[in-house]
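Q: As input, take structure-v7.pdb (PDB, C-alpha atoms, pLDDT in the B column):
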ATOM      1  CA  MET A   1       0.000   0.000   0.000  1.00 41.00           C
ATOM      2  CA  ASP A   2       1.118   3.529  -0.762  1.00 50.00           C
ATOM      3  CA  GLN A   3       2.449   5.170   2.419  1.00 56.00           C
ATOM      4  CA  ARG A   4       2.208   8.792   1.303  1.00 74.00           C
ATOM      5  CA  THR A   5       2.286  11.703   3.672  1.00 83.00           C
ATOM      6  CA  TYR A   6      -0.502  14.208   3.170  1.00 87.00           C
ATOM      7  CA  PRO A   7      -0.961  17.711   4.525  1.00 91.00           C
ATOM      8  CA  ARG A   8      -3.280  18.079   7.510  1.00 93.00           C
ATOM      9  CA  VAL A   9      -6.923  17.679   6.470  1.00 96.00           C
ATOM     10  CA  ILE A  10      -9.740  19.126   8.577  1.00 96.00           C
ATOM     11  CA  LEU A  11     -13.383  18.633   7.621  1.00 97.00           C
ATOM     12  CA  PHE A  12     -15.983  20.961   9.113  1.00 97.00           C
ATOM     13  CA  SER A  13     -19.251  19.056   8.935  1.00 97.00           C
ATOM     14  CA  SER A  14     -22.661  18.430  10.442  1.00 96.00           C
ATOM     15  CA  GLY A  15     -24.456  15.168  11.112  1.00 93.00           C
ATOM     16  CA  SER A  16     -27.303  15.946   8.733  1.00 95.00           C
ATOM     17  CA  CYS A  17     -25.099  16.837   5.739  1.00 96.00           C
ATOM     18  CA  PRO A  18     -24.870  14.110   3.069  1.00 97.00           C
ATOM     19  CA  TRP A  19     -22.054  15.957   1.252  1.00 97.00           C
ATOM     20  CA  CYS A  20     -20.025  15.981   4.469  1.00 97.00           C
ATOM     21  CA  SER A  21     -20.370  12.208   4.762  1.00 97.00           C
ATOM     22  CA  ALA A  22     -19.461  11.796   1.094  1.00 97.00           C
ATOM     23  CA  ALA A  23     -16.315  13.927   1.498  1.00 97.00           C
ATOM     24  CA  LYS A  24     -15.232  12.074   4.637  1.00 96.00           C
ATOM     25  CA  ASN A  25     -15.815   8.662   3.041  1.00 96.00           C
ATOM     26  CA  TYR A  26     -14.016   9.660  -0.157  1.00 96.00           C
ATOM     27  CA  LEU A  27     -10.924  10.818   1.717  1.00 96.00           C
ATOM     28  CA  ARG A  28     -10.827   7.754   3.927  1.00 94.00           C
ATOM     29  CA  GLN A  29     -11.160   5.469   0.877  1.00 93.00           C
ATOM     30  CA  LYS A  30      -8.123   7.246  -0.558  1.00 92.00           C
ATOM     31  CA  GLY A  31      -6.174   6.592   2.651  1.00 92.00           C
ATOM     32  CA  VAL A  32      -6.181  10.208   3.816  1.00 94.00           C
ATOM     33  CA  ARG A  33      -6.543  10.827   7.546  1.00 94.00           C
ATOM     34  CA  VAL A  34      -9.276  13.349   8.256  1.00 95.00           C
ATOM     35  CA  ARG A  35      -9.953  15.291  11.422  1.00 96.00           C
ATOM     36  CA  GLU A  36     -13.696  15.889  11.470  1.00 96.00           C
ATOM     37  CA  VAL A  37     -15.046  18.906  13.337  1.00 96.00           C
ATOM     38  CA  ARG A  38     -18.808  18.792  13.840  1.00 97.00           C
ATOM     39  CA  VAL A  39     -20.089  22.359  13.791  1.00 96.00           C
ATOM     40  CA  ASP A  40     -23.586  21.180  14.752  1.00 96.00           C
ATOM     41  CA  LYS A  41     -22.186  19.954  18.083  1.00 96.00           C
ATOM     42  CA  ASP A  42     -19.577  22.649  18.691  1.00 95.00           C
ATOM     43  CA  PRO A  43     -20.760  26.277  18.355  1.00 95.00           C
ATOM     44  CA  GLN A  44     -17.208  27.569  18.842  1.00 96.00           C
ATOM     45  CA  ALA A  45     -16.019  25.433  15.924  1.00 94.00           C
ATOM     46  CA  ALA A  46     -18.809  26.882  13.790  1.00 95.00           C
ATOM     47  CA  GLN A  47     -17.634  30.395  14.665  1.00 95.00           C
ATOM     48  CA  ASP A  48     -14.029  29.433  13.909  1.00 93.00           C
ATOM     49  CA  MET A  49     -15.057  28.062  10.507  1.00 93.00           C
ATOM     50  CA  VAL A  50     -16.875  31.288   9.615  1.00 94.00           C
ATOM     51  CA  ARG A  51     -13.947  33.392  10.832  1.00 93.00           C
ATOM     52  CA  MET A  52     -11.397  31.359   8.822  1.00 89.00           C
ATOM     53  CA  THR A  53     -13.391  30.903   5.618  1.00 88.00           C
ATOM     54  CA  GLY A  54     -16.302  33.330   5.574  1.00 91.00           C
ATOM     55  CA  GLN A  55     -18.600  30.327   5.013  1.00 88.00           C
ATOM     56  CA  LYS A  56     -21.612  29.327   7.082  1.00 91.00           C
ATOM     57  CA  SER A  57     -22.437  26.148   5.165  1.00 93.00           C
ATOM     58  CA  VAL A  58     -20.725  22.775   5.253  1.00 96.00           C
ATOM     59  CA  PRO A  59     -18.760  20.868   4.175  1.00 97.00           C
ATOM     60  CA  VAL A  60     -15.638  22.986   4.403  1.00 97.00           C
ATOM     61  CA  LEU A  61     -12.286  21.263   3.979  1.00 97.00           C
ATOM     62  CA  LEU A  62      -8.983  22.704   5.062  1.00 95.00           C
ATOM     63  CA  ILE A  63      -6.129  20.959   3.287  1.00 95.00           C
ATOM     64  CA  GLY A  64      -2.920  22.449   4.524  1.00 92.00           C
ATOM     65  CA  ARG A  65      -3.540  26.166   3.994  1.00 91.00           C
ATOM     66  CA  ALA A  66      -6.077  25.687   1.183  1.00 95.00           C
ATOM     67  CA  LYS A  67      -9.828  25.972   1.772  1.00 94.00           C
ATOM     68  CA  ILE A  68     -12.446  24.049  -0.182  1.00 95.00           C
ATOM     69  CA  VAL A  69     -16.129  24.846   0.203  1.00 94.00           C
ATOM     70  CA  GLY A  70     -18.346  21.918  -0.746  1.00 95.00           C
ATOM     71  CA  PHE A  71     -17.351  18.444  -1.879  1.00 96.00           C
ATOM     72  CA  ASP A  72     -15.125  19.162  -4.890  1.00 95.00           C
ATOM     73  CA  LYS A  73     -13.283  15.955  -5.855  1.00 94.00           C
ATOM     74  CA  GLN A  74     -11.147  17.679  -8.488  1.00 94.00           C
ATOM     75  CA  LYS A  75      -9.780  20.237  -6.028  1.00 95.00           C
ATOM     76  CA  ILE A  76      -9.270  17.593  -3.341  1.00 95.00           C
ATOM     77  CA  ASP A  77      -7.418  15.328  -5.785  1.00 95.00           C
ATOM     78  CA  ARG A  78      -5.271  18.197  -7.048  1.00 94.00           C
ATOM     79  CA  LEU A  79      -4.328  19.487  -3.589  1.00 95.00           C
ATOM     80  CA  LEU A  80      -3.522  16.016  -2.263  1.00 94.00           C
ATOM     81  CA  LYS A  81      -2.018  14.811  -5.577  1.00 90.00           C
ATOM     82  CA  LEU A  82      -4.329  11.806  -5.556  1.00 86.00           C
ATOM     83  CA  ARG A  83      -4.365   9.417  -8.486  1.00 75.00           C
ATOM     84  CA  LYS A  84      -7.589   8.603 -10.264  1.00 65.00           C
ATOM     85  CA  ASN A  85      -8.833   5.049  -9.636  1.00 55.00           C
TER      86      ASN A  85
END
Could I get this structure in the form of structure tokens?

A:
Amino acid sequence: MDQRTYPRVILFSSGSCPWCSAAKNYLRQKGVRVREVRVDKDPQAAQDMVRMTGQKSVPVLLIGRAKIVGFDKQKIDRLLKLRKN
């Protein structure tokens, strides 16, 4: 198995968001460790997300210093240099 090192990946999500689940599952299938931050359970995290990104909706991914709003496979693949399967 490929033992690549990826930048830190943080996923701001909520339990009722299907796109959040899809993003988390996609990254895990690719072998990328994801730190999930549930903004529906942590009001301070929600405020932090808005302060950092200007976004109030989820999912928001932080990959290293890059910010992705929504589940955008192309941007995720490009930032993490993931191969297409």

Q: So how many Å separate CA of Tyr6 (chain A) and CA of Pro43 (chain A), to one decimal?

A: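 Between CA of Tyr6 (chain A) and CA of Pro43 (chain A) the gap works out to 28.0 Å.
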
Q: Just so the selection is clear, what residues does the PyMOL selection byres ((chain A and resi 73) around 12) cover here, as a PyMOL selection string?

A: chain A and resi 19+22-27+30+61+68-72+74-84

Q: Just the number, please: distance in Å from CA of Val37 (chain A) to CA of Gly54 (chain A), one decimal.

A: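 Distance between the two atoms: 16.4 Å.
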
Q: Rounded to one decimal in Å, what is the spacing between CA of Gln44 (chain A) and CA of Leu62 (chain A)?

A: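 Computing it gives 16.8 Å between the two atoms.
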
Q: Quick one: apply the PyMOL selection byres ((chain A and resi 57) around 9) to the file and drop the selected residues here as an mmCIF file with C-alpha atoms, in the frame of the given file.

A:
data_model
loop_
_atom_site.group_PDB
_atom_site.id
_atom_site.type_symbol
_atom_site.label_atom_id
_atom_site.label_comp_id
_atom_site.auth_asym_id
_atom_site.auth_seq_id
_atom_site.Cartn_x
_atom_site.Cartn_y
_atom_site.Cartn_z
ATOM 1 C CA SER A 13 -19.251 19.056 8.935
ATOM 2 C CA VAL A 50 -16.875 31.288 9.615
ATOM 3 C CA GLN A 55 -18.600 30.327 5.013
ATOM 4 C CA LYS A 56 -21.612 29.327 7.082
ATOM 5 C CA VAL A 58 -20.725 22.775 5.253
ATOM 6 C CA PRO A 59 -18.760 20.868 4.175
ATOM 7 C CA VAL A 60 -15.638 22.986 4.403
ATOM 8 C CA VAL A 69 -16.129 24.846 0.203
ATOM 9 C CA GLY A 70 -18.346 21.918 -0.746
#

Q: Can you work out which one of A:Val9, A:Val32, A:Val39, A:Ala66 has the shortest atom-to-atom distance to Thr53 (chain A), counting only C-alpha atoms?

A: A:Ala66

Q: Tell me which of A:Val34, A:Asp48, A:Arg4, A:Ile10 sits closest to Arg65 (chain A), counting only C-alpha atoms.

A: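 Of the candidates, the smallest distance to Arg65 (chain A) is held by A:Ile10.
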
Q: Taking all atoms of region 59-73 of chain A that appear in the file, build a box with edges along x, y and z, extend it by 5 Å on every side, and state its centre and edge lengths in Å to one decimal, as AutoDock Vina command-line options.

A:
--center_x -10.8 --center_y 21.1 --center_z -0.4 --size_x 25.8 --size_y 20.2 --size_z 20.9

Q: My list of candidates is A:Arg38, A:Gly31, A:Thr5, A:Ala46. Which is closest to Gly64 (chain A) when distances are computed with all atoms listed in the file?

A: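 Residue with the minimum atom-to-atom distance to Gly64 (chain A): A:Thr5.
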
Q: With only C-alpha atoms as the basis for distance, which of A:Arg8, A:Arg35, A:Arg28, A:Lys67 is at the shortest distance from Met49 (chain A)?

A: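 Ranked by minimum distance to Met49 (chain A), first place goes to A:Lys67.
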